Amino acid sequence: MTLQRVLVVEDDADIRKVAQLALEAVGGLTVRLCADGREALAVAPEYAPQLILLDVMMPDMDGIATIHALRARPDLADIPVIFMTAKVQAADLQRYVDLGAIGTITKPFDPMQLADDVRRLWRAAVAMP
Amino acid sequence: MNTHRQQLAQLRADYTAALPGKLAATHASWRAHLQGDAQATETLLRQLHTLAGSAGSFGHAELGTAARLAHAMLRELLTAADGGPPALRQRLQEQLDALVHLPIALAAPALEPLVEPASEAPNAPLLYLCEDDDLLAAQLSTQLTYFGYRVICFNQPDDLASGLRHLTPAAILMDVSFAQGSLAGPQGIDQLRQQLGAALPPVCFLSARADFSARLAAVRAGAQAYFVKPIDINALTERLDVLTARVLTEPYRVLIVDDSDTKALYHALVLNGHDILTEVAHAPAHAAQSLVDFRPDLILMDLHMPDCSGGELAQVIRQQDAYLDIPILFLSGELDAELQQQSRLAGGDEFLVTPIPEDQLVRFVIARAERYRSLHRLILRDSLTGLLNHAAIHDALISQLAQQERNGKPLAVALIDLDHFKEVNDSHGHPAGDQVLKALSRLLRQRLRRGDLVGRYGGEEFIVLFPDTTAAGAKHALDPIRELFGQLPHRGSQDDFYVQFSAGIAEFPRYTAVEALIHAADEALYRAKREGRNRVLTDPATSEGAP
């Protein structure tokens, strides 16, 4: 099974654009963009992503609240989540893992590298029982 | 396969274009925050966080780092009891000021093949910058790339030493104080000099210290220059240009007069291989036209030709005042000393016996052409900027037009005028104004092609001739330069200031007469000023894209 459909949740328009370019044009993935957690919860059931790239710092409903909401829904709870964040302290990384994320991508990311990193994290998570 | 790189480049360009606005908004939030506006504080935090998380993806890594630093400092101040230490508040103020003024490295999409960006030129000198202040290193290296340098940054002397083992730069910029010691810079250079001796490139020290012992340490370390922070980028690049022996002159031009096609071609090729432009006249009569059109720095002439001898041609040439001193080098297999002497008397400067070793020919030519140029410098060049003066560029335009008439290619003429320059002189003094003029001159010469002619047309007016280029192509070349120049800080009486320019471009063959061409460019310039300045307009208004 290969990674194909990704949902990106990010409030900054510039980062959405470059993430889409990085994942679609460079990485050959199919990408759907959302600007906040609420939109993600509305879109995910029908789009059925194999992976959610979730920004941590968002106004209103941040990444933490969003992942809680996803886990609360039986139809969405099993979708792997990767956090995107500019904060990179060890305590935070552990916290994200404890919340159930399969990994973290630090911002700013290299657009030429993002798809590779995302695939790598997804493969590692999916291969594990 | 390349299209996603192009798309990325486009995204970067869009992001970069929006950046000044974002930075201005950030600064506005900062000012409101200082007034006690809590909402603005939240906004500021978000703006800094966003910059920190995105700028790097669009090619602005230093900006992102600077924003991250500012964000961290602000958080600390907000969480500290009683507002935090004044030193931190001061540092944050400086950081945010620097953020807004950080010259934005333009990650521009590739320019059209007509223009070679200076930083991609094979002779863009490499500099090693050893500086432990990351923000300053980022600022300096960005500004230096505007002037056509490549910069590699190191954090401390040991790293610099390793770097020197791999590549030799044209010059080294070295901080004086490091964490290891307040004179670690000069000490590091001392050690390197002991290891490398004369192979060590020229070293300029950059230091916050202006005291005697620091300067003395620098002298003992063999420093070529010492700059006190905050660094005046104009002064630094002027010095570096000299130290790295940047060639900012136009290539030498040699007129070859020889009835033998093979010989003429051979000599032309030899000279072309050393970046010397050549034109060949097969008959003496054609030489006269070439003199006017090609404006050579030197004439290489066969002594024996069917219609008239080289000696006679030299005399004909010397009849005209304008060519009294143009160097004439005779080429001949003639070994007769008497004949050689006669030729010299006839107006030749040098007699070269063929076959002549290539390097000898080149050396003679360069030496003579250089001397001719130096002598004529005073007549041809503006003393402040080193650019061609009004009269010289006017003459150049006449002959350039004649040439384009013959080869059927377009010629674009741009008139550049500094915006609000009178205010610069009024607020900061004439010396500061002169620095601005010199900075623009250097930037133009470094960012344009070698074949483009740059002249100082008036007090604050410059003119550029772009051979084989349309108005649209010239605009394409000038716009990035305009943006770059607008971001260069100039040292003022109180603080740094910035200057922009407007430009108007007209093209031949739309206009065929010199006056009409200049007038049209001037009209376009006037329109640019009227429409708000800081822009490049063409006549007539052409769409972006195909030249």
# chains A, B, ... in the order shown; residues from 1 in each chain; ligands from 1
>>> select_by_dssp(residues="chain A", states="alpha helix (DSSP H)", output="PyMOL selection string")
chain A and resi 13-20+37-47+63-71+90-98+114-127
>>> residues_around(residues="Thr2 of chain A", least_positions_apart="2", cutoff="10 Å", atoms="only C-alpha atoms", output="ChimeraX atom specification")
/A:4-5,50,119,122-123,126
>>> closest_atom_pairs(of="chain B", to="chain A", cutoff="9 Å", atoms="only C-alpha atoms", output="CSV")
residue,atom,partner,partner_atom,distance
B:Thr3,CA,A:Ala25,CA,8.4
B:His4,CA,A:Ala25,CA,5.7
B:Arg5,CA,A:Val26,CA,8.5
B:Gln7,CA,A:Leu21,CA,7.7
B:Leu8,CA,A:Leu21,CA,7.2
B:Leu11,CA,A:Val18,CA,7.2
B:Arg12,CA,A:Val18,CA,8.8
B:Tyr15,CA,A:Asp14,CA,7.3
B:Arg46,CA,A:Met57,CA,8.9
B:His49,CA,A:Ala86,CA,7.6
B:Thr50,CA,A:Asp12,CA,7.3
B:Leu51,CA,A:Pro108,CA,9.0
B:Ala52,CA,A:Ala86,CA,7.0
B:Gly53,CA,A:Pro108,CA,4.6
B:Ser54,CA,A:Pro108,CA,5.1
B:Ala55,CA,A:Pro108,CA,6.8
B:Gly56,CA,A:Pro108,CA,5.1
B:Ser57,CA,A:Pro108,CA,5.3
B:Phe58,CA,A:Val18,CA,8.2
B:Ala61,CA,A:Pro108,CA,8.4
B:Gly64,CA,A:Pro108,CA,8.0
B:Arg68,CA,A:Ala86,CA,8.6
>>> residues_around(residues="Lys409 of chain B", least_positions_apart="3", cutoff="10 Å", atoms="only C-alpha atoms", output="list in words")
Leu401, Gln403, Gln404, Glu405, Arg406, Pro467, Asp468, Thr469, Thr470, Phe508 and Pro509 of chain B
>>> residues_around(residues="Phe421 of chain B", least_positions_apart="6", cutoff="9 Å", atoms="only C-alpha atoms", output="MDAnalysis selection string")
chainID B and resid 433 460 499:500
>>> residues_around(residues="Phe83 of chain A", least_positions_apart="5", cutoff="10 Å", atoms="only C-alpha atoms", output="PyMOL selection string")
chain A and resi 9+52-57+63-64+67+93+96-97+101-106
>>> write_last_selection(atoms="C-alpha atoms", output="compact mmCIF listing (two decimals), in the first residue's frame")
# COMPACT_ATOMS: atom_id res chain seq x y z
CA VAL A 9 -4.54 21.65 7.71
CA ILE A 52 -3.31 14.37 7.86
CA LEU A 53 -0.61 17.05 8.03
CA LEU A 54 -1.68 19.20 10.94
CA ASP A 55 -0.34 22.63 11.87
CA VAL A 56 -0.01 23.08 15.62
CA MET A 57 -0.37 26.83 16.05
CA GLY A 63 -3.65 21.48 16.27
CA ILE A 64 -3.94 19.92 19.71
CA ILE A 67 -6.28 15.96 17.01
CA LEU A 93 8.03 16.34 20.38
CA TYR A 96 2.97 15.20 20.17
CA VAL A 97 3.82 11.51 20.19
CA ALA A 101 0.94 11.79 16.18
CA ILE A 102 3.17 9.53 14.06
CA GLY A 103 5.75 12.27 13.70
CA THR A 104 6.56 15.96 13.46
CA ILE A 105 7.67 18.12 10.52
CA THR A 106 9.46 21.27 11.57
>>> atom_distance(atom1="atom CA of Pro410 of chain B", atom2="atom CA of Arg510 of chain B")
8.8 Å
>>> select_by_dssp(residues="chain A", states="strand (DSSP E)", output="ChimeraX atom specification")
/A:5-9,30-34,51-55,81-85,103-106
>>> closest_atom_pairs(of="segment 216-332 of chain B", to="segment 144-162 of chain B", cutoff="10 Å", atoms="only C-alpha atoms", output="JSON lines")
{"residue": "B:Ile233", "atom": "CA", "partner": "B:Leu144", "partner_atom": "CA", "distance": 7.8}
{"residue": "B:Asn234", "atom": "CA", "partner": "B:Phe147", "partner_atom": "CA", "distance": 9.5}
{"residue": "B:Leu236", "atom": "CA", "partner": "B:Leu144", "partner_atom": "CA", "distance": 9.0}
{"residue": "B:Thr237", "atom": "CA", "partner": "B:Leu144", "partner_atom": "CA", "distance": 7.3}
{"residue": "B:Glu238", "atom": "CA", "partner": "B:Phe147", "partner_atom": "CA", "distance": 9.9}
{"residue": "B:Leu240", "atom": "CA", "partner": "B:Tyr149", "partner_atom": "CA", "distance": 9.6}
{"residue": "B:Asp241", "atom": "CA", "partner": "B:Phe147", "partner_atom": "CA", "distance": 9.5}
>>> residues_around(residues="Asp175 of chain B", least_positions_apart="2", cutoff="6 Å", atoms="only C-alpha atoms", output="PDB file with all heavy atoms, in the first residue's frame")
ATOM      1  N   GLU B 131      32.099  35.452  11.338  1.00  0.00           N
ATOM      2  CA  GLU B 131      31.367  36.368  12.224  1.00  0.00           C
ATOM      3  C   GLU B 131      30.438  35.541  13.091  1.00  0.00           C
ATOM      4  O   GLU B 131      29.692  34.711  12.580  1.00  0.00           O
ATOM      5  CB  GLU B 131      30.578  37.346  11.349  1.00  0.00           C
ATOM      6  CG  GLU B 131      29.539  38.185  12.059  1.00  0.00           C
ATOM      7  CD  GLU B 131      30.131  39.097  13.107  1.00  0.00           C
ATOM      8  OE1 GLU B 131      30.915  39.989  12.746  1.00  0.00           O
ATOM      9  OE2 GLU B 131      29.814  38.898  14.309  1.00  0.00           O
ATOM     10  N   SER B 177      36.329  40.066  17.739  1.00  0.00           N
ATOM     11  CA  SER B 177      36.039  39.360  18.992  1.00  0.00           C
ATOM     12  C   SER B 177      35.181  38.136  18.770  1.00  0.00           C
ATOM     13  O   SER B 177      34.208  38.178  18.020  1.00  0.00           O
ATOM     14  CB  SER B 177      35.291  40.278  19.956  1.00  0.00           C
ATOM     15  OG  SER B 177      35.991  41.460  20.126  1.00  0.00           O
ATOM     16  N   GLY B 185      40.027  36.973  16.678  1.00  0.00           N
ATOM     17  CA  GLY B 185      40.080  37.143  15.233  1.00  0.00           C
ATOM     18  C   GLY B 185      41.498  37.356  14.729  1.00  0.00           C
ATOM     19  O   GLY B 185      42.019  36.558  13.943  1.00  0.00           O
ATOM     20  N   PHE B 205      39.196  43.320   8.680  1.00  0.00           N
ATOM     21  CA  PHE B 205      38.576  43.073   9.966  1.00  0.00           C
ATOM     22  C   PHE B 205      37.308  43.896  10.130  1.00  0.00           C
ATOM     23  O   PHE B 205      37.223  45.033   9.679  1.00  0.00           O
ATOM     24  CB  PHE B 205      39.548  43.383  11.105  1.00  0.00           C
ATOM     25  CG  PHE B 205      40.560  42.294  11.305  1.00  0.00           C
ATOM     26  CD1 PHE B 205      41.833  42.403  10.789  1.00  0.00           C
ATOM     27  CD2 PHE B 205      40.217  41.132  11.996  1.00  0.00           C
ATOM     28  CE1 PHE B 205      42.767  41.389  10.955  1.00  0.00           C
ATOM     29  CE2 PHE B 205      41.143  40.113  12.163  1.00  0.00           C
ATOM     30  CZ  PHE B 205      42.407  40.244  11.638  1.00  0.00           C
ATOM     31  N   LEU B 206      36.324  43.273  10.764  1.00  0.00           N
ATOM     32  CA  LEU B 206      35.078  43.953  11.080  1.00  0.00           C
ATOM     33  C   LEU B 206      34.955  43.934  12.590  1.00  0.00           C
ATOM     34  O   LEU B 206      35.068  42.865  13.196  1.00  0.00           O
ATOM     35  CB  LEU B 206      33.878  43.210  10.487  1.00  0.00           C
ATOM     36  CG  LEU B 206      34.002  42.783   9.024  1.00  0.00           C
ATOM     37  CD1 LEU B 206      32.829  41.899   8.651  1.00  0.00           C
ATOM     38  CD2 LEU B 206      34.043  44.001   8.118  1.00  0.00           C
ATOM     39  N   SER B 207      34.738  45.065  13.222  1.00  0.00           N
ATOM     40  CA  SER B 207      34.739  45.011  14.674  1.00  0.00           C
ATOM     41  C   SER B 207      33.881  46.083  15.297  1.00  0.00           C
ATOM     42  O   SER B 207      33.746  47.181  14.774  1.00  0.00           O
ATOM     43  CB  SER B 207      36.175  45.171  15.168  1.00  0.00           C
ATOM     44  OG  SER B 207      36.202  45.187  16.571  1.00  0.00           O
TER      45      SER B 207
END
>>> atom_distance(atom1="atom CA of Ser29 of chain B", atom2="atom CA of Pro489 of chain B")
23.3 Å
>>> atom_distance(atom1="atom CA of Pro125 of chain B", atom2="atom CA of Ala171 of chain B")
8.3 Å
>>> closest_residue(among="A:Leu33, A:Leu76, A:Ala65, A:Leu114", to="Glu10 of chain A", atoms="only C-alpha atoms")
A:Leu33
>>> decode(residues="segment 2-17 of chain A", atoms="all heavy atoms", output="PDB file, in the first residue's frame")
ATOM      1  N   THR A   2       0.587   2.175  -0.920  1.00  0.00           N
ATOM      2  CA  THR A   2       1.404   3.394  -0.970  1.00  0.00           C
ATOM      3  C   THR A   2       0.581   4.604  -0.549  1.00  0.00           C
ATOM      4  O   THR A   2      -0.652   4.603  -0.619  1.00  0.00           O
ATOM      5  CB  THR A   2       1.930   3.661  -2.396  1.00  0.00           C
ATOM      6  OG1 THR A   2       0.810   3.624  -3.277  1.00  0.00           O
ATOM      7  CG2 THR A   2       2.953   2.647  -2.819  1.00  0.00           C
ATOM      8  N   LEU A   3       1.280   5.652  -0.127  1.00  0.00           N
ATOM      9  CA  LEU A   3       0.629   6.882   0.278  1.00  0.00           C
ATOM     10  C   LEU A   3       0.180   7.645  -0.959  1.00  0.00           C
ATOM     11  O   LEU A   3       0.951   7.842  -1.899  1.00  0.00           O
ATOM     12  CB  LEU A   3       1.600   7.732   1.100  1.00  0.00           C
ATOM     13  CG  LEU A   3       1.060   9.086   1.574  1.00  0.00           C
ATOM     14  CD1 LEU A   3      -0.106   8.893   2.531  1.00  0.00           C
ATOM     15  CD2 LEU A   3       2.174   9.878   2.248  1.00  0.00           C
ATOM     16  N   GLN A   4      -1.082   8.063  -0.963  1.00  0.00           N
ATOM     17  CA  GLN A   4      -1.549   8.838  -2.098  1.00  0.00           C
ATOM     18  C   GLN A   4      -2.323  10.085  -1.695  1.00  0.00           C
ATOM     19  O   GLN A   4      -2.078  11.165  -2.197  1.00  0.00           O
ATOM     20  CB  GLN A   4      -2.433   7.951  -2.992  1.00  0.00           C
ATOM     21  CG  GLN A   4      -2.667   8.501  -4.382  1.00  0.00           C
ATOM     22  CD  GLN A   4      -1.394   8.887  -5.107  1.00  0.00           C
ATOM     23  OE1 GLN A   4      -0.435   8.094  -5.156  1.00  0.00           O
ATOM     24  NE2 GLN A   4      -1.345  10.083  -5.636  1.00  0.00           N
ATOM     25  N   ARG A   5      -3.284   9.930  -0.760  1.00  0.00           N
ATOM     26  CA  ARG A   5      -4.151  11.063  -0.443  1.00  0.00           C
ATOM     27  C   ARG A   5      -3.778  11.682   0.887  1.00  0.00           C
ATOM     28  O   ARG A   5      -3.741  11.010   1.917  1.00  0.00           O
ATOM     29  CB  ARG A   5      -5.612  10.583  -0.376  1.00  0.00           C
ATOM     30  CG  ARG A   5      -6.114  10.013  -1.665  1.00  0.00           C
ATOM     31  CD  ARG A   5      -7.297   9.100  -1.361  1.00  0.00           C
ATOM     32  NE  ARG A   5      -8.503   9.871  -1.089  1.00  0.00           N
ATOM     33  CZ  ARG A   5      -9.231  10.449  -2.043  1.00  0.00           C
ATOM     34  NH1 ARG A   5      -8.873  10.336  -3.302  1.00  0.00           N
ATOM     35  NH2 ARG A   5     -10.303  11.136  -1.726  1.00  0.00           N
ATOM     36  N   VAL A   6      -3.498  13.007   0.835  1.00  0.00           N
ATOM     37  CA  VAL A   6      -3.076  13.720   2.033  1.00  0.00           C
ATOM     38  C   VAL A   6      -3.993  14.909   2.271  1.00  0.00           C
ATOM     39  O   VAL A   6      -4.390  15.606   1.328  1.00  0.00           O
ATOM     40  CB  VAL A   6      -1.616  14.218   1.894  1.00  0.00           C
ATOM     41  CG1 VAL A   6      -1.199  15.000   3.132  1.00  0.00           C
ATOM     42  CG2 VAL A   6      -0.670  13.050   1.658  1.00  0.00           C
ATOM     43  N   LEU A   7      -4.330  15.142   3.540  1.00  0.00           N
ATOM     44  CA  LEU A   7      -5.095  16.335   3.916  1.00  0.00           C
ATOM     45  C   LEU A   7      -4.157  17.266   4.672  1.00  0.00           C
ATOM     46  O   LEU A   7      -3.503  16.850   5.626  1.00  0.00           O
ATOM     47  CB  LEU A   7      -6.278  15.933   4.818  1.00  0.00           C
ATOM     48  CG  LEU A   7      -7.180  17.075   5.287  1.00  0.00           C
ATOM     49  CD1 LEU A   7      -7.962  17.653   4.131  1.00  0.00           C
ATOM     50  CD2 LEU A   7      -8.154  16.563   6.361  1.00  0.00           C
ATOM     51  N   VAL A   8      -4.070  18.513   4.226  1.00  0.00           N
ATOM     52  CA  VAL A   8      -3.185  19.480   4.887  1.00  0.00           C
ATOM     53  C   VAL A   8      -4.039  20.518   5.608  1.00  0.00           C
ATOM     54  O   VAL A   8      -4.910  21.141   4.999  1.00  0.00           O
ATOM     55  CB  VAL A   8      -2.262  20.186   3.862  1.00  0.00           C
ATOM     56  CG1 VAL A   8      -1.462  21.293   4.549  1.00  0.00           C
ATOM     57  CG2 VAL A   8      -1.329  19.185   3.207  1.00  0.00           C
ATOM     58  N   VAL A   9      -3.793  20.677   6.912  1.00  0.00           N
ATOM     59  CA  VAL A   9      -4.537  21.646   7.710  1.00  0.00           C
ATOM     60  C   VAL A   9      -3.575  22.732   8.175  1.00  0.00           C
ATOM     61  O   VAL A   9      -2.705  22.484   9.015  1.00  0.00           O
ATOM     62  CB  VAL A   9      -5.196  20.975   8.938  1.00  0.00           C
ATOM     63  CG1 VAL A   9      -6.150  21.943   9.612  1.00  0.00           C
ATOM     64  CG2 VAL A   9      -5.913  19.702   8.522  1.00  0.00           C
ATOM     65  N   GLU A  10      -3.730  23.938   7.638  1.00  0.00           N
ATOM     66  CA  GLU A  10      -2.745  24.996   7.882  1.00  0.00           C
ATOM     67  C   GLU A  10      -3.427  26.346   7.694  1.00  0.00           C
ATOM     68  O   GLU A  10      -4.082  26.583   6.682  1.00  0.00           O
ATOM     69  CB  GLU A  10      -1.588  24.829   6.888  1.00  0.00           C
ATOM     70  CG  GLU A  10      -0.661  26.017   6.742  1.00  0.00           C
ATOM     71  CD  GLU A  10       0.084  26.368   8.028  1.00  0.00           C
ATOM     72  OE1 GLU A  10       0.813  25.506   8.555  1.00  0.00           O
ATOM     73  OE2 GLU A  10      -0.075  27.519   8.504  1.00  0.00           O
ATOM     74  N   ASP A  11      -3.266  27.245   8.677  1.00  0.00           N
ATOM     75  CA  ASP A  11      -3.998  28.511   8.593  1.00  0.00           C
ATOM     76  C   ASP A  11      -3.284  29.544   7.716  1.00  0.00           C
ATOM     77  O   ASP A  11      -3.914  30.484   7.240  1.00  0.00           O
ATOM     78  CB  ASP A  11      -4.237  29.104  10.000  1.00  0.00           C
ATOM     79  CG  ASP A  11      -2.936  29.500  10.675  1.00  0.00           C
ATOM     80  OD1 ASP A  11      -2.033  28.649  10.744  1.00  0.00           O
ATOM     81  OD2 ASP A  11      -2.823  30.647  11.141  1.00  0.00           O
ATOM     82  N   ASP A  12      -1.983  29.394   7.486  1.00  0.00           N
ATOM     83  CA  ASP A  12      -1.260  30.404   6.705  1.00  0.00           C
ATOM     84  C   ASP A  12      -1.329  30.074   5.213  1.00  0.00           C
ATOM     85  O   ASP A  12      -0.916  28.997   4.779  1.00  0.00           O
ATOM     86  CB  ASP A  12       0.200  30.484   7.164  1.00  0.00           C
ATOM     87  CG  ASP A  12       0.966  31.561   6.423  1.00  0.00           C
ATOM     88  OD1 ASP A  12       0.663  32.747   6.625  1.00  0.00           O
ATOM     89  OD2 ASP A  12       1.854  31.214   5.608  1.00  0.00           O
ATOM     90  N   ALA A  13      -1.823  31.035   4.444  1.00  0.00           N
ATOM     91  CA  ALA A  13      -2.041  30.799   3.009  1.00  0.00           C
ATOM     92  C   ALA A  13      -0.752  30.483   2.265  1.00  0.00           C
ATOM     93  O   ALA A  13      -0.718  29.622   1.390  1.00  0.00           O
ATOM     94  CB  ALA A  13      -2.724  32.011   2.394  1.00  0.00           C
ATOM     95  N   ASP A  14       0.327  31.186   2.610  1.00  0.00           N
ATOM     96  CA  ASP A  14       1.602  30.945   1.924  1.00  0.00           C
ATOM     97  C   ASP A  14       2.083  29.518   2.146  1.00  0.00           C
ATOM     98  O   ASP A  14       2.544  28.843   1.222  1.00  0.00           O
ATOM     99  CB  ASP A  14       2.675  31.923   2.430  1.00  0.00           C
ATOM    100  CG  ASP A  14       2.382  33.342   2.010  1.00  0.00           C
ATOM    101  OD1 ASP A  14       1.984  33.537   0.844  1.00  0.00           O
ATOM    102  OD2 ASP A  14       2.548  34.252   2.844  1.00  0.00           O
ATOM    103  N   ILE A  15       1.967  29.071   3.388  1.00  0.00           N
ATOM    104  CA  ILE A  15       2.440  27.716   3.687  1.00  0.00           C
ATOM    105  C   ILE A  15       1.543  26.689   3.014  1.00  0.00           C
ATOM    106  O   ILE A  15       2.024  25.657   2.535  1.00  0.00           O
ATOM    107  CB  ILE A  15       2.516  27.491   5.214  1.00  0.00           C
ATOM    108  CG1 ILE A  15       3.473  28.507   5.816  1.00  0.00           C
ATOM    109  CG2 ILE A  15       2.970  26.076   5.526  1.00  0.00           C
ATOM    110  CD1 ILE A  15       3.700  28.346   7.292  1.00  0.00           C
ATOM    111  N   ARG A  16       0.256  26.975   2.927  1.00  0.00           N
ATOM    112  CA  ARG A  16      -0.634  26.052   2.215  1.00  0.00           C
ATOM    113  C   ARG A  16      -0.176  25.904   0.772  1.00  0.00           C
ATOM    114  O   ARG A  16      -0.078  24.802   0.235  1.00  0.00           O
ATOM    115  CB  ARG A  16      -2.080  26.565   2.236  1.00  0.00           C
ATOM    116  CG  ARG A  16      -2.851  26.232   3.507  1.00  0.00           C
ATOM    117  CD  ARG A  16      -4.359  26.272   3.269  1.00  0.00           C
ATOM    118  NE  ARG A  16      -4.843  27.575   2.794  1.00  0.00           N
ATOM    119  CZ  ARG A  16      -5.162  28.592   3.588  1.00  0.00           C
ATOM    120  NH1 ARG A  16      -5.051  28.449   4.901  1.00  0.00           N
ATOM    121  NH2 ARG A  16      -5.587  29.733   3.081  1.00  0.00           N
ATOM    122  N   LYS A  17       0.113  27.042   0.155  1.00  0.00           N
ATOM    123  CA  LYS A  17       0.513  27.006  -1.262  1.00  0.00           C
ATOM    124  C   LYS A  17       1.789  26.210  -1.461  1.00  0.00           C
ATOM    125  O   LYS A  17       1.903  25.388  -2.363  1.00  0.00           O
ATOM    126  CB  LYS A  17       0.746  28.432  -1.778  1.00  0.00           C
ATOM    127  CG  LYS A  17      -0.519  29.115  -2.247  1.00  0.00           C
ATOM    128  CD  LYS A  17      -0.180  30.440  -2.927  1.00  0.00           C
ATOM    129  CE  LYS A  17      -0.905  31.579  -2.246  1.00  0.00           C
ATOM    130  NZ  LYS A  17      -0.390  32.896  -2.587  1.00  0.00           N
TER     131      LYS A  17
END
